[in-house]
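Trainee: One file: coords.cif (mmCIF, C-alpha atoms (C1' of nucleotides)).
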data_structure
#
loop_
_atom_site.group_PDB
_atom_site.id
_atom_site.type_symbol
_atom_site.label_atom_id
_atom_site.label_comp_id
_atom_site.auth_asym_id
_atom_site.auth_seq_id
_atom_site.Cartn_x
_atom_site.Cartn_y
_atom_site.Cartn_z
ATOM 1 C CA MET A 935 27.325 -12.739 126.252
ATOM 2 C CA PRO A 936 23.958 -12.932 124.563
ATOM 3 C CA GLN A 937 24.296 -9.453 123.166
ATOM 4 C CA ASP A 938 22.655 -8.245 119.977
ATOM 5 C CA PRO A 939 24.794 -7.791 116.837
ATOM 6 C CA LEU A 940 24.732 -3.988 116.859
ATOM 7 C CA SER A 941 25.865 -3.786 120.478
ATOM 8 C CA ARG A 942 28.729 -6.161 119.782
ATOM 9 C CA ALA A 943 29.736 -4.238 116.660
ATOM 10 C CA PHE A 944 29.691 -0.800 118.295
ATOM 11 C CA ALA A 945 31.448 -2.102 121.398
ATOM 12 C CA ALA A 946 34.114 -3.694 119.225
ATOM 13 C CA LEU A 947 34.879 -0.383 117.519
ATOM 14 C CA ALA A 948 34.839 1.549 120.791
ATOM 15 C CA ASP A 949 38.458 0.563 121.418
ATOM 16 C CA PRO A 950 41.240 2.530 119.657
ATOM 17 C CA THR A 951 43.496 -0.502 119.329
ATOM 18 C CA ARG A 952 40.713 -2.495 117.696
ATOM 19 C CA ARG A 953 39.878 0.386 115.356
ATOM 20 C CA ASP A 954 43.545 0.546 114.412
ATOM 21 C CA ILE A 955 43.545 -3.184 113.733
ATOM 22 C CA VAL A 956 40.521 -2.738 111.488
ATOM 23 C CA ALA A 957 42.245 0.121 109.670
ATOM 24 C CA ARG A 958 45.267 -2.056 109.011
ATOM 25 C CA LEU A 959 43.177 -5.028 107.938
ATOM 26 C CA ALA A 960 41.486 -2.763 105.407
ATOM 27 C CA ALA A 961 44.886 -2.540 103.713
ATOM 28 C CA GLY A 962 45.247 -6.315 103.588
ATOM 29 C CA ASP A 963 44.734 -9.544 105.514
ATOM 30 C CA ALA A 964 47.261 -10.278 108.260
ATOM 31 C CA GLY A 965 48.116 -12.766 111.003
ATOM 32 C CA VAL A 966 48.024 -12.126 114.733
ATOM 33 C CA GLY A 967 51.795 -11.710 115.019
ATOM 34 C CA GLU A 968 52.017 -9.067 112.310
ATOM 35 C CA LEU A 969 49.036 -7.235 113.762
ATOM 36 C CA ALA A 970 50.491 -7.273 117.267
ATOM 37 C CA ALA A 971 53.966 -6.054 116.252
ATOM 38 C CA PRO A 972 53.311 -2.278 116.281
ATOM 39 C CA TYR A 973 51.689 -2.248 119.719
ATOM 40 C CA ASP A 974 53.452 -2.553 123.026
ATOM 41 C CA VAL A 975 50.950 -5.018 124.409
ATOM 42 C CA SER A 976 51.285 -8.789 124.486
ATOM 43 C CA VAL A 977 50.312 -10.973 121.553
ATOM 44 C CA GLN A 978 47.668 -12.564 123.781
ATOM 45 C CA ALA A 979 45.994 -9.205 124.275
ATOM 46 C CA VAL A 980 45.828 -8.674 120.514
ATOM 47 C CA SER A 981 44.463 -12.190 120.122
ATOM 48 C CA LYS A 982 41.681 -11.229 122.526
ATOM 49 C CA HIS A 983 40.962 -8.060 120.555
ATOM 50 C CA LEU A 984 40.698 -10.142 117.400
ATOM 51 C CA LYS A 985 38.309 -12.497 119.132
ATOM 52 C CA VAL A 986 36.093 -9.534 119.990
ATOM 53 C CA LEU A 987 36.202 -8.326 116.395
ATOM 54 C CA GLU A 988 35.435 -11.833 115.171
ATOM 55 C CA GLU A 989 32.486 -12.300 117.532
ATOM 56 C CA ALA A 990 31.186 -8.948 116.332
ATOM 57 C CA GLY A 991 31.301 -10.324 112.787
ATOM 58 C CA LEU A 992 33.707 -7.621 111.650
ATOM 59 C CA VAL A 993 36.496 -10.026 110.768
ATOM 60 C CA THR A 994 36.712 -13.674 109.788
ATOM 61 C CA ARG A 995 39.727 -15.943 110.120
ATOM 62 C CA SER A 996 40.967 -18.669 107.863
ATOM 63 C CA ARG A 997 43.637 -21.257 108.539
ATOM 64 C CA GLU A 998 46.905 -21.444 106.655
ATOM 65 C CA ALA A 999 49.466 -23.719 108.327
ATOM 66 C CA GLN A 1000 49.851 -22.425 111.879
ATOM 67 C CA ARG A 1001 48.815 -18.906 110.862
ATOM 68 C CA ARG A 1002 45.260 -17.592 111.215
ATOM 69 C CA PRO A 1003 44.982 -14.746 108.706
ATOM 70 C CA CYS A 1004 42.315 -12.184 109.590
ATOM 71 C CA HIS A 1005 40.032 -10.783 106.938
ATOM 72 C CA LEU A 1006 37.712 -7.789 107.138
ATOM 73 C CA GLU A 1007 34.015 -8.484 106.568
ATOM 74 C CA ALA A 1008 31.879 -5.669 105.152
ATOM 75 C CA GLU A 1009 28.405 -6.811 106.130
ATOM 76 C CA VAL A 1010 28.274 -5.659 109.749
ATOM 77 C CA PHE A 1011 29.813 -2.328 108.803
ATOM 78 C CA ASP A 1012 26.836 -1.821 106.525
ATOM 79 C CA LEU A 1013 24.517 -2.723 109.392
ATOM 80 C CA MET A 1014 26.071 0.021 111.518
ATOM 81 C CA THR A 1015 25.998 2.736 108.890
ATOM 82 C CA LYS A 1016 22.390 1.861 108.087
ATOM 83 C CA TRP A 1017 21.426 2.244 111.741
ATOM 84 C CA ILE A 1018 23.278 5.522 112.172
ATOM 85 C CA GLU A 1019 22.083 7.005 108.915
ATOM 86 C CA ARG A 1020 18.484 6.069 109.588
ATOM 87 C CA TYR A 1021 18.221 8.096 112.769
ATOM 88 C CA ARG A 1022 20.440 10.894 111.572
ATOM 89 C CA ARG A 1023 18.148 11.312 108.594
ATOM 90 C CA GLU A 1024 15.038 11.084 110.779
ATOM 91 C CA ALA A 1025 16.421 13.834 112.987
ATOM 92 C CA ASP A 1026 17.362 15.954 109.976
ATOM 93 C CA ASP A 1027 13.916 15.535 108.454
ATOM 94 C CA ARG A 1028 12.262 16.534 111.695
ATOM 95 C CA PHE A 1029 14.553 19.548 111.881
ATOM 96 C CA GLN A 1030 13.513 20.643 108.413
ATOM 97 C CA ARG A 1031 9.824 20.068 109.169
ATOM 98 C CA LEU A 1032 10.204 22.166 112.300
ATOM 99 C CA ASP A 1033 11.921 24.855 110.262
ATOM 100 C CA ALA A 1034 9.032 24.860 107.811
ATOM 101 C CA VAL A 1035 6.481 25.024 110.604
ATOM 102 C CA LEU A 1036 8.246 27.953 112.238
ATOM 103 C CA ALA A 1037 8.560 29.770 108.928
ATOM 104 C CA HIS A 1038 4.869 29.218 108.345
ATOM 105 C CA MET A 1039 4.037 30.465 111.831
ATOM 106 C CA ASP A 1040 6.149 33.538 111.209
ATOM 107 C CA ALA A 1041 4.275 34.206 108.004
ATOM 108 C CA ASP A 1042 0.935 33.797 109.780
ATOM 109 C CA GLU A 1043 2.128 35.971 112.605
ATOM 110 C CA ASN A 1044 3.103 38.781 110.277
ATOM 111 C CA GLN A 1045 -0.161 38.678 108.380
ATOM 112 C CA GLN A 1046 -2.763 37.825 111.012
ATOM 113 C CA GLN A 1047 -3.157 37.645 114.793
ATOM 114 C CA PRO A 1048 0.014 36.854 116.847
ATOM 115 C CA PRO A 1049 -0.551 33.675 118.869
ATOM 116 C CA ASP A 1050 2.857 33.909 120.622
ATOM 117 C CA ASP A 1051 2.535 30.520 122.290
ATOM 118 C CA ALA A 1052 2.815 26.741 121.875
ATOM 119 C CA ARG A 1053 6.457 26.542 120.827
ATOM 120 C CA ARG A 1054 8.011 23.163 119.937
ATOM 121 C CA GLY A 1055 4.750 21.242 119.521
ATOM 122 C CA GLU A 1056 4.942 17.560 118.581
ATOM 123 C CA ALA A 1057 4.174 16.653 114.993
ATOM 124 C CA SER A 1058 2.183 13.394 114.960
ATOM 125 C CA MET B 681 38.298 9.881 130.912
ATOM 126 C CA PRO B 682 40.513 11.422 128.272
ATOM 127 C CA GLN B 683 39.110 9.250 125.518
ATOM 128 C CA ASP B 684 39.069 10.220 121.874
ATOM 129 C CA PRO B 685 35.753 11.286 120.300
ATOM 130 C CA LEU B 686 35.294 8.173 118.180
ATOM 131 C CA SER B 687 35.794 5.825 121.124
ATOM 132 C CA ARG B 688 33.264 7.772 123.172
ATOM 133 C CA ALA B 689 30.778 7.792 120.307
ATOM 134 C CA PHE B 690 31.024 4.071 119.537
ATOM 135 C CA ALA B 691 30.961 3.171 123.225
ATOM 136 C CA ALA B 692 27.866 5.332 123.689
ATOM 137 C CA LEU B 693 25.999 3.442 120.958
ATOM 138 C CA ALA B 694 27.185 0.041 122.200
ATOM 139 C CA ASP B 695 24.332 0.002 124.742
ATOM 140 C CA PRO B 696 20.832 -1.024 123.555
ATOM 141 C CA THR B 697 19.081 1.329 125.974
ATOM 142 C CA ARG B 698 21.143 4.252 124.727
ATOM 143 C CA ARG B 699 20.495 3.316 121.106
ATOM 144 C CA ASP B 700 16.800 3.200 121.893
ATOM 145 C CA ILE B 701 17.027 6.632 123.495
ATOM 146 C CA VAL B 702 18.710 7.945 120.365
ATOM 147 C CA ALA B 703 16.005 6.377 118.208
ATOM 148 C CA ARG B 704 13.318 8.110 120.234
ATOM 149 C CA LEU B 705 15.144 11.427 120.248
ATOM 150 C CA ALA B 706 15.266 11.227 116.459
ATOM 151 C CA ALA B 707 11.483 11.515 116.569
ATOM 152 C CA GLY B 708 11.631 14.620 118.750
ATOM 153 C CA ASP B 709 13.353 16.257 121.718
ATOM 154 C CA ALA B 710 12.391 14.969 125.167
ATOM 155 C CA GLY B 711 13.156 15.355 128.869
ATOM 156 C CA VAL B 712 14.731 12.768 131.147
ATOM 157 C CA GLY B 713 11.447 11.746 132.713
ATOM 158 C CA GLU B 714 9.694 11.084 129.417
ATOM 159 C CA LEU B 715 12.687 9.171 128.145
ATOM 160 C CA ALA B 716 12.878 7.052 131.284
ATOM 161 C CA ALA B 717 9.176 6.146 131.350
ATOM 162 C CA PRO B 718 9.228 3.143 128.961
ATOM 163 C CA TYR B 719 12.136 1.411 130.694
ATOM 164 C CA ASP B 720 11.999 -0.454 133.962
ATOM 165 C CA VAL B 721 15.179 1.136 135.265
ATOM 166 C CA SER B 722 15.439 4.114 137.582
ATOM 167 C CA VAL B 723 15.375 7.678 136.308
ATOM 168 C CA GLN B 724 18.890 8.106 137.648
ATOM 169 C CA ALA B 725 20.146 5.321 135.416
ATOM 170 C CA VAL B 726 18.620 7.020 132.374
ATOM 171 C CA SER B 727 20.139 10.307 133.481
ATOM 172 C CA LYS B 728 23.524 8.598 133.459
ATOM 173 C CA HIS B 729 22.899 7.202 129.994
ATOM 174 C CA LEU B 730 22.090 10.679 128.786
ATOM 175 C CA LYS B 731 25.289 11.979 130.333
ATOM 176 C CA VAL B 732 27.217 9.379 128.342
ATOM 177 C CA LEU B 733 25.434 10.392 125.144
ATOM 178 C CA GLU B 734 26.086 14.033 125.913
ATOM 179 C CA GLU B 735 29.792 13.507 126.589
ATOM 180 C CA ALA B 736 29.972 11.627 123.316
ATOM 181 C CA GLY B 737 28.555 14.723 121.620
ATOM 182 C CA LEU B 738 25.551 12.796 120.312
ATOM 183 C CA VAL B 739 23.007 14.866 122.219
ATOM 184 C CA THR B 740 22.910 18.373 123.633
ATOM 185 C CA ARG B 741 20.684 19.616 126.413
ATOM 186 C CA SER B 742 18.991 22.930 126.861
ATOM 187 C CA ARG B 743 17.274 24.282 129.929
ATOM 188 C CA GLU B 744 13.584 25.035 130.092
ATOM 189 C CA ALA B 745 12.333 25.645 133.636
ATOM 190 C CA GLN B 746 13.359 22.563 135.628
ATOM 191 C CA ARG B 747 13.364 20.371 132.517
ATOM 192 C CA ARG B 748 16.500 19.573 130.510
ATOM 193 C CA PRO B 749 15.235 18.681 127.034
ATOM 194 C CA CYS B 750 17.631 16.482 125.054
ATOM 195 C CA HIS B 751 18.333 17.134 121.411
ATOM 196 C CA LEU B 752 20.059 14.894 118.878
ATOM 197 C CA GLU B 753 23.226 16.296 117.301
ATOM 198 C CA ALA B 754 24.146 15.061 113.811
ATOM 199 C CA GLU B 755 27.840 15.941 113.660
ATOM 200 C CA VAL B 756 29.330 12.998 115.552
ATOM 201 C CA PHE B 757 27.081 10.585 113.681
ATOM 202 C CA ASP B 758 28.717 11.834 110.514
ATOM 203 C CA LEU B 759 32.121 11.298 112.062
ATOM 204 C CA MET B 760 31.259 7.664 112.724
ATOM 205 C CA THR B 761 29.822 6.911 109.297
ATOM 206 C CA LYS B 762 32.850 8.570 107.678
ATOM 207 C CA TRP B 763 35.220 6.350 109.675
ATOM 208 C CA ILE B 764 33.282 3.178 108.934
ATOM 209 C CA GLU B 765 32.769 3.952 105.270
ATOM 210 C CA ARG B 766 36.410 4.844 104.751
ATOM 211 C CA TYR B 767 37.713 1.454 105.775
ATOM 212 C CA ARG B 768 34.859 -0.499 104.289
ATOM 213 C CA ARG B 769 35.581 1.153 100.972
ATOM 214 C CA GLU B 770 39.306 0.568 101.331
ATOM 215 C CA ALA B 771 38.641 -3.121 101.950
ATOM 216 C CA ASP B 772 36.237 -3.299 99.010
ATOM 217 C CA ASP B 773 38.743 -1.624 96.709
ATOM 218 C CA ARG B 774 41.467 -4.000 97.759
ATOM 219 C CA PHE B 775 39.097 -6.888 97.154
ATOM 220 C CA GLN B 776 38.414 -5.711 93.625
ATOM 221 C CA ARG B 777 42.117 -5.088 92.970
ATOM 222 C CA LEU B 778 42.884 -8.596 94.166
ATOM 223 C CA ASP B 779 40.183 -9.946 91.896
ATOM 224 C CA ALA B 780 41.706 -8.145 88.939
ATOM 225 C CA VAL B 781 45.183 -9.384 89.809
ATOM 226 C CA LEU B 782 44.004 -12.953 90.073
ATOM 227 C CA ALA B 783 42.149 -12.717 86.772
ATOM 228 C CA HIS B 784 45.275 -11.317 85.157
ATOM 229 C CA MET B 785 47.422 -14.069 86.639
ATOM 230 C CA ASP B 786 45.008 -16.653 85.299
ATOM 231 C CA ALA B 787 45.272 -15.162 81.858
ATOM 232 C CA ASP B 788 49.087 -15.125 82.037
ATOM 233 C CA GLU B 789 49.110 -18.656 83.310
ATOM 234 C CA ASN B 790 47.039 -19.924 80.417
ATOM 235 C CA GLN B 791 49.129 -18.126 77.790
ATOM 236 C CA GLN B 792 52.692 -18.100 79.130
ATOM 237 C CA GLN B 793 54.906 -19.653 81.830
ATOM 238 C CA PRO B 794 53.229 -20.470 85.207
ATOM 239 C CA PRO B 795 54.977 -18.584 88.038
ATOM 240 C CA ASP B 796 52.933 -20.359 90.730
ATOM 241 C CA ASP B 797 54.350 -18.343 93.607
ATOM 242 C CA ALA B 798 54.235 -15.046 95.536
ATOM 243 C CA ARG B 799 50.604 -15.123 96.688
ATOM 244 C CA ARG B 800 49.076 -12.195 98.626
ATOM 245 C CA GLY B 801 51.896 -9.668 98.084
ATOM 246 C CA GLU B 802 51.603 -6.251 99.726
ATOM 247 C CA ALA B 803 50.735 -3.290 97.504
ATOM 248 C CA SER B 804 52.710 -0.238 98.643
ATOM 249 C "C1'" DG C 657 8.423 30.426 152.510
ATOM 250 C "C1'" DA C 658 6.517 25.675 152.016
ATOM 251 C "C1'" DC C 659 5.427 22.149 148.418
ATOM 252 C "C1'" DG C 660 5.773 19.414 144.275
ATOM 253 C "C1'" DT C 661 8.084 18.251 140.114
ATOM 254 C "C1'" DA C 662 12.262 17.337 137.375
ATOM 255 C "C1'" DT C 663 16.846 16.255 137.525
ATOM 256 C "C1'" DT C 664 21.401 15.355 139.339
ATOM 257 C "C1'" DC C 665 25.044 13.958 142.857
ATOM 258 C "C1'" DA C 666 27.161 10.437 146.000
ATOM 259 C "C1'" DA C 667 28.084 6.013 147.791
ATOM 260 C "C1'" DT C 668 27.793 1.370 146.786
ATOM 261 C "C1'" DC C 669 27.788 -3.072 144.297
ATOM 262 C "C1'" DA C 670 28.143 -6.896 140.724
ATOM 263 C "C1'" DA C 671 29.631 -7.773 136.308
ATOM 264 C "C1'" DA C 672 32.301 -6.844 132.243
ATOM 265 C "C1'" DT C 673 36.710 -5.234 130.163
ATOM 266 C "C1'" DG C 674 41.638 -4.924 128.974
ATOM 267 C "C1'" DG C 675 45.739 -6.194 130.443
ATOM 268 C "C1'" DT C 676 49.319 -9.504 132.397
ATOM 269 C "C1'" DT C 677 52.012 -14.107 132.795
ATOM 270 C "C1'" DG C 678 52.450 -19.107 132.192
ATOM 271 C "C1'" DA C 679 51.176 -23.347 130.060
ATOM 272 C "C1'" DC C 680 49.391 -25.703 126.170
ATOM 273 C "C1'" DG C 681 48.150 -27.112 121.028
ATOM 274 C "C1'" DA C 682 49.093 -27.153 116.126
ATOM 275 C "C1'" DC C 683 52.168 -27.262 112.548
ATOM 276 C "C1'" DA C 684 56.563 -27.018 109.457
ATOM 277 C "C1'" DC C 685 61.329 -28.407 109.416
ATOM 278 C "C1'" DC C 686 65.481 -30.753 110.446
ATOM 279 C "C1'" DG D 1236 60.857 -37.427 117.216
ATOM 280 C "C1'" DG D 1237 62.883 -32.983 118.967
ATOM 281 C "C1'" DT D 1238 62.799 -27.964 118.128
ATOM 282 C "C1'" DG D 1239 61.051 -23.446 116.910
ATOM 283 C "C1'" DT D 1240 57.153 -20.553 115.583
ATOM 284 C "C1'" DC D 1241 52.385 -19.013 115.709
ATOM 285 C "C1'" DG D 1242 48.471 -18.782 118.180
ATOM 286 C "C1'" DT D 1243 45.105 -19.789 121.967
ATOM 287 C "C1'" DC D 1244 43.516 -21.082 126.727
ATOM 288 C "C1'" DA D 1245 43.458 -20.243 131.784
ATOM 289 C "C1'" DA D 1246 43.981 -17.819 135.914
ATOM 290 C "C1'" DC D 1247 44.511 -13.578 137.798
ATOM 291 C "C1'" DC D 1248 44.263 -8.380 138.616
ATOM 292 C "C1'" DA D 1249 42.815 -3.354 138.212
ATOM 293 C "C1'" DT D 1250 39.594 -0.430 136.204
ATOM 294 C "C1'" DT D 1251 35.236 0.724 134.131
ATOM 295 C "C1'" DT D 1252 30.393 0.166 133.573
ATOM 296 C "C1'" DG D 1253 25.430 -0.146 134.495
ATOM 297 C "C1'" DA D 1254 22.474 -0.293 138.058
ATOM 298 C "C1'" DT D 1255 20.633 0.746 142.805
ATOM 299 C "C1'" DT D 1256 19.173 3.752 146.798
ATOM 300 C "C1'" DG D 1257 19.167 8.030 149.362
ATOM 301 C "C1'" DA D 1258 20.094 12.866 149.660
ATOM 302 C "C1'" DA D 1259 20.552 17.125 147.304
ATOM 303 C "C1'" DT D 1260 19.534 21.040 143.814
ATOM 304 C "C1'" DA D 1261 16.684 23.972 140.688
ATOM 305 C "C1'" DC D 1262 12.504 25.859 139.532
ATOM 306 C "C1'" DG D 1263 7.390 26.968 139.147
ATOM 307 C "C1'" DT D 1264 3.277 27.411 142.136
ATOM 308 C "C1'" DC D 1265 0.515 28.099 146.084
#
Translate this structure into C-alpha cells?
Mentor:
Amino acid sequence: MPQDPLSRAFAALADPTRRDIVARLAAGDAGVGELAAPYDVSVQAVSKHLKVLEEAGLVTRSREAQRRPCHLEAEVFDLMTKWIERYRREADDRFQRLDAVLAHMDADENQQQPPDDARRGEAS
Amino acid sequence: MPQDPLSRAFAALADPTRRDIVARLAAGDAGVGELAAPYDVSVQAVSKHLKVLEEAGLVTRSREAQRRPCHLEAEVFDLMTKWIERYRREADDRFQRLDAVLAHMDADENQQQPPDDARRGEAS
DNA sequence: GACGTATTCAATCAAATGGTTGACGACACC
DNA sequence: GGTGTCGTCAACCATTTGATTGAATACGTC
C-alpha cells in the first residue's frame, strides 16, 4: 500500500465506524476493548480499523501493560483541512473574480456597444 | 449505496486522481474530455470519477450543447472541514486541560500529601 | 438524414475493503 | 507455572472499487 498520506487520511475517515472512533478518541484516549464495546462487530474488526487510522497517522498507540491506548494526533487533520481549504478558497476567489468580470461587462454593455458573446472565458 | 454524506465526501477525496480533478476544477469549470486529457486512463474512467464527485456533492454539472461542464461546489467541503476541526479542537482542548491538571497535581504534590494514583480519569 | 464530437451505459475483471472465526503472543495475578 | 485478559495475526469470504473495452445516446453541422 504505497499510498500518499492524503489518500490514506481521507480513506481512513471515509468509514462511519472509524469516524466514530475518532470522535470518541477526541474525548480521551482509550484501549481497543473499550472502543469496540459499543459496536456489534468483533474486537478484531475494530483492531483493523485502528490499524488503518494508525497507518493514516491519525492516531498513535502507546503500550501500558497489555493495553494499547490509542491517542489522537492532530497533524494529519491539519494536512487535510489545509488541502480542502486551499481549493475551496481558490474556487471562491475565482467565483468572485467571475462575478466582478460579469458586473463589469454589464456596465460596459449598458454604456457602450453590446457584445453579447464570449461567456465564461478563462482568466489566465 | 445509501451512504451518509460525509462518508461519500471523504471517500471521493481518497483518490489522488479525483483530488487532482478537484484541484483543476478550482481553477475553472471544465468538461470531461479536457479533464481526462492529462491522465493516461480512458475517458470513461474519468467520467466515473466525476460521477463519484457529483454523488458526493463536491461538483455539479450543467449542460451546454453536448458538453457537461463540471463546477466545484463549496458546501460539502465546509461540511468536511467542520467535522475535522470539531474533533481536532476537542482533542486539543482536552490536551490543554490535561496539561493544566498535571501542573496542578505537581503543585499539590510539592506542597501537600502525594496522592500518586487515579491517572487519566474521565471528565464527564 | 448522415457524420463527428462529447459523454455515458453495460459487461467484465483484478485488486482492495470490511467483516468473520480460530489460533497465537504478551502480560498481570494467583 | 497455570489462568484470565487484552490485543494481534492468519486465513477466508462477500462486496466494492478502479479500470478496461465496446456499444449506445445527445447534440451541432454539413
Trainee: Identify the residues around (50.3, -23.6, 111.4) within a radius of 12 Å, measuring from all atoms listed in the file in the coordinates stated by the file, and give them as an MDAnalysis selection string.
Mentor: (chainID A and resid 965 996:1003) or (chainID C and resid 681:684) or (chainID D and resid 1240:1242)
Trainee: Need the shell around segment 736-738 of chain B: protein/DNA/RNA residues with any atom at most 7 Å away, counting all atoms listed in the file. Skip same-chain ones fewer than 5 positions apart. Format as number ranges by chain?
Mentor: B: 685, 688-689, 692, 752-753, 756
Trainee: What would the file look like if the residues just selected were written as a JSON list (two decimals), keeping the file's coordinate frame with C-alpha atoms?
Mentor:
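What landed in selection.json:
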[["chain", "number", "residue", "atom", "x", "y", "z"],
["B", 685, "PRO", "CA", 35.75, 11.29, 120.30],
["B", 688, "ARG", "CA", 33.26, 7.77, 123.17],
["B", 689, "ALA", "CA", 30.78, 7.79, 120.31],
["B", 692, "ALA", "CA", 27.87, 5.33, 123.69],
["B", 752, "LEU", "CA", 20.06, 14.89, 118.88],
["B", 753, "GLU", "CA", 23.23, 16.30, 117.30],
["B", 756, "VAL", "CA", 29.33, 13.00, 115.55]]
Trainee: Report as a VMD selection string the set of chain D residues whose atoms approach chain B to within 9 Å, with distances computed over only C-alpha atoms (C1' of nucleotides).
Mentor: chain D and resid 1253 to 1255 1261 to 1263
Trainee: Assuming 3 Å of padding per side, give the centre and edge lengths of the axis-aligned box around every listed atom of segment 1239-1257 of chain D, in Å to one decimal and as AutoDock Vina command-line options.
Mentor:
--center_x 40.1 --center_y -7.7 --center_z 132.5 --size_x 47.9 --size_y 37.5 --size_z 39.8
Trainee: Mind listing as an MDAnalysis selection string which residues of chain C are within 9 Å of chain B, counting all atoms listed in the file?
Mentor: chainID C and resid 661:664
Trainee: Determine which residues of chain B sit within 10 Å of chain A, taking into account only C-alpha atoms, and present them as an MDAnalysis selection string.
Mentor: chainID B and resid 683:696 699 702:709 751:758 760:775 778 800:804
Trainee: For those residues, write C-alpha atoms to a file as a compact mmCIF listing (two decimals), keeping the file's coordinate frame.
Mentor:
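Final output, saved to result-v2.txt:
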# COMPACT_ATOMS: atom_id res chain seq x y z
CA GLN B 683 39.11 9.25 125.52
CA ASP B 684 39.07 10.22 121.87
CA PRO B 685 35.75 11.29 120.30
CA LEU B 686 35.29 8.17 118.18
CA SER B 687 35.79 5.82 121.12
CA ARG B 688 33.26 7.77 123.17
CA ALA B 689 30.78 7.79 120.31
CA PHE B 690 31.02 4.07 119.54
CA ALA B 691 30.96 3.17 123.22
CA ALA B 692 27.87 5.33 123.69
CA LEU B 693 26.00 3.44 120.96
CA ALA B 694 27.18 0.04 122.20
CA ASP B 695 24.33 0.00 124.74
CA PRO B 696 20.83 -1.02 123.56
CA ARG B 699 20.50 3.32 121.11
CA VAL B 702 18.71 7.94 120.36
CA ALA B 703 16.00 6.38 118.21
CA ARG B 704 13.32 8.11 120.23
CA LEU B 705 15.14 11.43 120.25
CA ALA B 706 15.27 11.23 116.46
CA ALA B 707 11.48 11.52 116.57
CA GLY B 708 11.63 14.62 118.75
CA ASP B 709 13.35 16.26 121.72
CA HIS B 751 18.33 17.13 121.41
CA LEU B 752 20.06 14.89 118.88
CA GLU B 753 23.23 16.30 117.30
CA ALA B 754 24.15 15.06 113.81
CA GLU B 755 27.84 15.94 113.66
CA VAL B 756 29.33 13.00 115.55
CA PHE B 757 27.08 10.58 113.68
CA ASP B 758 28.72 11.83 110.51
CA MET B 760 31.26 7.66 112.72
CA THR B 761 29.82 6.91 109.30
CA LYS B 762 32.85 8.57 107.68
CA TRP B 763 35.22 6.35 109.68
CA ILE B 764 33.28 3.18 108.93
CA GLU B 765 32.77 3.95 105.27
CA ARG B 766 36.41 4.84 104.75
CA TYR B 767 37.71 1.45 105.78
CA ARG B 768 34.86 -0.50 104.29
CA ARG B 769 35.58 1.15 100.97
CA GLU B 770 39.31 0.57 101.33
CA ALA B 771 38.64 -3.12 101.95
CA ASP B 772 36.24 -3.30 99.01
CA ASP B 773 38.74 -1.62 96.71
CA ARG B 774 41.47 -4.00 97.76
CA PHE B 775 39.10 -6.89 97.15
CA LEU B 778 42.88 -8.60 94.17
CA ARG B 800 49.08 -12.20 98.63
CA GLY B 801 51.90 -9.67 98.08
CA GLU B 802 51.60 -6.25 99.73
CA ALA B 803 50.74 -3.29 97.50
CA SER B 804 52.71 -0.24 98.64
Trainee: Atom C1' of DG675 of chain C to atom C1' of DC1244 of chain D: how many Å, to one decimal?
Mentor: 15.5 Å
Trainee: Kindly give the distance, in Å, that separates atom CA of Val726 of chain B and atom C1' of DT1252 of chain D, rounded to a single decimal.
Mentor: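 Those two atoms sit 13.7 Å apart.
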Trainee: How many Å lie between atom CA of Arg995 of chain A and atom C1' of DC1247 of chain D, rounded to one decimal?
Mentor: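 Taking atom CA of Arg995 of chain A as the start and atom C1' of DC1247 of chain D as the end point, the length is 28.2 Å.
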Trainee: Might you spell out which residues the PyMOL selection byres ((chain D and resi 1264) around 9) would select in the displayed file, as a list in words?
Mentor: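 When the PyMOL selection byres ((chain D and resi 1264) around 9) is applied to the shown file, the picked residues are DC659 and DG660 of chain C; DG1263 and DC1265 of chain D.
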Trainee: Within 12 Å of DT1251 of chain D, counting only C-alpha atoms (C1' of nucleotides), which residues qualify if same-chain residues fewer than 6 places away don't, as a list of chain:residue names?
Mentor: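 So, after excluding close chain neighbours, the residues are B:Met681, B:Ala691, C:DA671, C:DA672, C:DT673, C:DG674.
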Trainee: Taking the file as shown, find all residues satisfying the PyMOL selection byres ((chain C and resi 679) around 10) and write them as number ranges by chain.
Mentor: C: 677-678, 680; D: 1244-1245
